[in-house]
Amino acid sequence: MNFEKKPIIIAGPCSVESYQQIMTIAQKIKSLGIEYLRAGAFKPRTRKNSFSGLGEEGLKYLLEVKEKFGLKIVSEIMSEEDLELFQKYKVDVLQIGARNMQNFRLLERIGKTNIPVLLKRGPSADFDEIVGAIERLENNKVIFCLRGLKIMQTENLIIDKKIQQILVDNNPWQHGEHRNYIDIEDINKVKNLDIIKKRNIPVIYDPSHSCGIASDVPKISLEALRNGADGIIIEVHHNPSEALSDSKQQIDLDEFENLLNQIEK
Ligand code: PEP
Ligand code: MN
């Protein structure tokens with residue numbers, strides 16, 4: 001694919017699950033020339049008893065990954081109370097997840113630091129809400145990430161089937177089983193916001209959480225890049241079917257390598 005600038009690629013498993021797991025994945029990611037590894041130590045899970053990360057132990061493993069492989073570490077911070085821990089373990093980029101895009105206490109606390117932030121679009125955030133979130137991150141280098149919109153979720157939301165069909169028919173990237181509505185058409189609208197242009201904020205896409213189905217992740221990644229995304233953040237696992245979170249959407253290491261080859265072509 002032709003790019004003015006090399007796309008930003010952030011890759012890694014949904015969660016840090018064990019020392020072995022993160023080392024195996026990190027080694028492969030490094031060997032493919034990737035700069036950023038993303039993995040969660042604190043996971044915002046929908047259901048109470050789902051695996052919610054290794055916490056501090058996860059951050060410890062990520063620091064080892066950073067030191068051993070020279071990868072930059074991206075990890076989600078769910079509460080301002082954890083900021084000291086993220087600093088102690090030298091996390092390079094703080095991810096603010098979709099659920100926290102409008103957690104203003106968290107944004108304002110992080111906004112007092114100058115740690116880079118990966119800010120994800122809230123599941124239903126409009127453009128003004130996106131601007132409001134970025135305004136709070138006054139001192140941070142920000143990467144903004146679209147990740148699909150929760151206006152149509154087929155498994156858990158009861159929605160008029162006719163409306164669903166209209167949405168699917170009118171969105172070339174959508175099919176009925178996706179976890180979220182694919183918001184690729186918003187990439188350029190976000191890139192045109194004044195604050196994004198003025199601060200030179202890269203706008204990337206998350207194919208994994210937006211569609212939720214591993215077999216569609218490569219296609220959505222390429223479409224996002226073709227439609228103006230400055231990069232992608234993608235969930236990659238050495239054994240997706242055994243993953244402790246988001247197992248349906250993680251692609252394996254070979255699939256990731258194939259996708260990179262297609263991006264580089
Ligand atoms: C994630 O990226 O790990 C995640 C939970 O995604 P989101 O915040 O977009 O739901
Ligand atoms: Mn995930």
# chains A, B, ... in the order shown; residues from 1 in each chain; ligands from 1
>>> residues_near_ligand(ligand="ligand 2", cutoff="12 Å", atoms="only C-alpha atoms and all ligand atoms", output="PyMOL selection string")
chain A and resi 11-16+38-46+51-53+75-76+97-98+147+179+206-214+233-237+240+243-251
>>> write_last_selection(atoms="C-alpha atoms", output="mmCIF file, in the first residue's frame")
data_model
loop_
_atom_site.group_PDB
_atom_site.id
_atom_site.type_symbol
_atom_site.label_atom_id
_atom_site.label_comp_id
_atom_site.auth_asym_id
_atom_site.auth_seq_id
_atom_site.Cartn_x
_atom_site.Cartn_y
_atom_site.Cartn_z
ATOM 1 C CA ALA A 11 0.228 -4.965 18.348
ATOM 2 C CA GLY A 12 -0.056 -7.429 21.174
ATOM 3 C CA PRO A 13 -2.436 -9.647 23.103
ATOM 4 C CA CYS A 14 -5.591 -8.321 24.711
ATOM 5 C CA SER A 15 -4.186 -9.193 28.173
ATOM 6 C CA VAL A 16 -0.860 -10.100 29.703
ATOM 7 C CA ARG A 38 0.148 -3.209 23.636
ATOM 8 C CA ALA A 39 -1.101 -5.548 26.337
ATOM 9 C CA GLY A 40 -3.475 -5.051 29.242
ATOM 10 C CA ALA A 41 -2.532 -5.601 32.878
ATOM 11 C CA PHE A 42 -5.749 -4.010 34.153
ATOM 12 C CA LYS A 43 -8.702 -5.065 32.018
ATOM 13 C CA PRO A 44 -12.129 -3.424 31.961
ATOM 14 C CA ARG A 45 -14.317 -6.516 31.494
ATOM 15 C CA THR A 46 -18.054 -6.382 30.969
ATOM 16 C CA PHE A 51 -10.374 -12.510 33.821
ATOM 17 C CA SER A 52 -9.452 -8.915 34.588
ATOM 18 C CA GLY A 53 -5.698 -8.983 34.185
ATOM 19 C CA SER A 75 -1.095 -0.411 28.451
ATOM 20 C CA GLU A 76 -4.523 0.645 29.655
ATOM 21 C CA GLY A 97 -9.998 2.916 26.942
ATOM 22 C CA ALA A 98 -13.346 3.558 25.294
ATOM 23 C CA ARG A 147 -12.787 1.365 17.616
ATOM 24 C CA ARG A 179 -19.314 -6.601 17.805
ATOM 25 C CA ASP A 206 -8.724 -0.748 16.019
ATOM 26 C CA PRO A 207 -9.965 -3.540 13.738
ATOM 27 C CA SER A 208 -10.049 -6.074 16.590
ATOM 28 C CA HIS A 209 -12.533 -4.494 19.006
ATOM 29 C CA SER A 210 -14.579 -2.887 16.249
ATOM 30 C CA CYS A 211 -15.450 -6.086 14.427
ATOM 31 C CA GLY A 212 -14.747 -8.711 17.083
ATOM 32 C CA ILE A 213 -14.131 -11.555 14.609
ATOM 33 C CA ALA A 214 -10.545 -12.635 13.872
ATOM 34 C CA ILE A 233 -3.824 -1.213 16.898
ATOM 35 C CA ILE A 234 -4.371 -4.925 16.566
ATOM 36 C CA GLU A 235 -4.794 -7.859 18.951
ATOM 37 C CA VAL A 236 -2.312 -10.647 18.304
ATOM 38 C CA HIS A 237 -1.909 -13.857 20.326
ATOM 39 C CA PRO A 240 -5.960 -17.168 20.230
ATOM 40 C CA ALA A 243 -6.687 -16.495 25.194
ATOM 41 C CA LEU A 244 -8.171 -15.444 28.538
ATOM 42 C CA SER A 245 -9.919 -12.401 27.048
ATOM 43 C CA ASP A 246 -11.212 -11.512 23.586
ATOM 44 C CA SER A 247 -10.251 -14.907 22.172
ATOM 45 C CA LYS A 248 -12.600 -14.625 19.168
ATOM 46 C CA GLN A 249 -10.959 -11.515 17.775
ATOM 47 C CA GLN A 250 -7.223 -12.113 18.249
ATOM 48 C CA ILE A 251 -5.290 -13.148 15.161
#
>>> select_by_dssp(residues="stretch 170-264 of chain A", states="helix (DSSP H, G or I)", output="VMD selection string")
chain A and resid 184 to 191 194 to 198 207 to 211 214 to 226 240 to 242 253 to 264
>>> residues_around(residues="stretch 62-73 of chain A", least_positions_apart="2", cutoff="12 Å", atoms="only C-alpha atoms", output="PyMOL selection string")
chain A and resi 9-13+15-41+54-60+75-76+85-95+115-118
>>> closest_residue(among="A:Leu119, A:Leu222, A:Leu149, A:Ile196", to="A:Gln262", atoms="only C-alpha atoms")
A:Leu222
>>> select_by_dssp(residues="stretch 80-210 of chain A", states="strand (DSSP E)", output="short mmCIF file (atom, residue, chain, number, x, y, z; two decimals) with N, CA and C atoms, in the first residue's frame")
data_model
loop_
_atom_site.label_atom_id
_atom_site.label_comp_id
_atom_site.auth_asym_id
_atom_site.auth_seq_id
_atom_site.Cartn_x
_atom_site.Cartn_y
_atom_site.Cartn_z
N VAL A 93 3.27 4.49 26.93
CA VAL A 93 2.04 5.15 26.45
C VAL A 93 0.87 4.65 27.29
N LEU A 94 0.14 5.59 27.89
CA LEU A 94 -1.03 5.22 28.69
C LEU A 94 -2.23 5.11 27.77
N GLN A 95 -2.85 3.94 27.75
CA GLN A 95 -4.08 3.80 26.98
C GLN A 95 -5.26 4.22 27.86
N ILE A 96 -6.08 5.12 27.33
CA ILE A 96 -7.36 5.41 27.98
C ILE A 96 -8.42 4.74 27.13
N VAL A 117 -0.33 9.48 25.40
CA VAL A 117 -1.62 8.80 25.64
C VAL A 117 -2.18 8.24 24.33
N LEU A 118 -2.67 7.01 24.42
CA LEU A 118 -3.49 6.45 23.34
C LEU A 118 -4.93 6.57 23.82
N LEU A 119 -5.68 7.47 23.20
CA LEU A 119 -7.06 7.73 23.62
C LEU A 119 -8.01 7.03 22.66
N LYS A 120 -8.89 6.19 23.23
CA LYS A 120 -9.84 5.48 22.37
C LYS A 120 -11.20 6.17 22.36
N VAL A 142 -0.75 12.85 21.98
CA VAL A 142 -1.93 11.97 21.93
C VAL A 142 -1.97 11.22 20.60
N ILE A 143 -2.33 9.95 20.69
CA ILE A 143 -2.72 9.19 19.49
C ILE A 143 -4.20 8.90 19.69
N PHE A 144 -5.03 9.19 18.71
CA PHE A 144 -6.46 8.93 18.86
C PHE A 144 -6.85 7.68 18.07
N CYS A 145 -7.72 6.88 18.64
CA CYS A 145 -8.07 5.60 18.02
C CYS A 145 -9.58 5.39 17.93
N LEU A 146 -10.06 5.14 16.71
CA LEU A 146 -11.46 4.76 16.53
C LEU A 146 -11.57 3.25 16.70
N VAL A 203 -4.38 9.56 13.85
CA VAL A 203 -5.68 8.91 14.04
C VAL A 203 -5.56 7.48 13.53
N ILE A 204 -5.69 6.54 14.45
CA ILE A 204 -5.51 5.14 14.07
C ILE A 204 -6.83 4.37 14.24
N TYR A 205 -6.82 3.12 13.80
CA TYR A 205 -8.05 2.31 13.85
C TYR A 205 -7.78 0.99 14.58
#
>>> atom_distance(atom1="atom CA of A:Phe104", atom2="atom CA of A:Ser124")
16.3 Å
>>> atom_distance(atom1="atom CA of A:Gly122", atom2="atom CA of A:Asn103")
10.2 Å
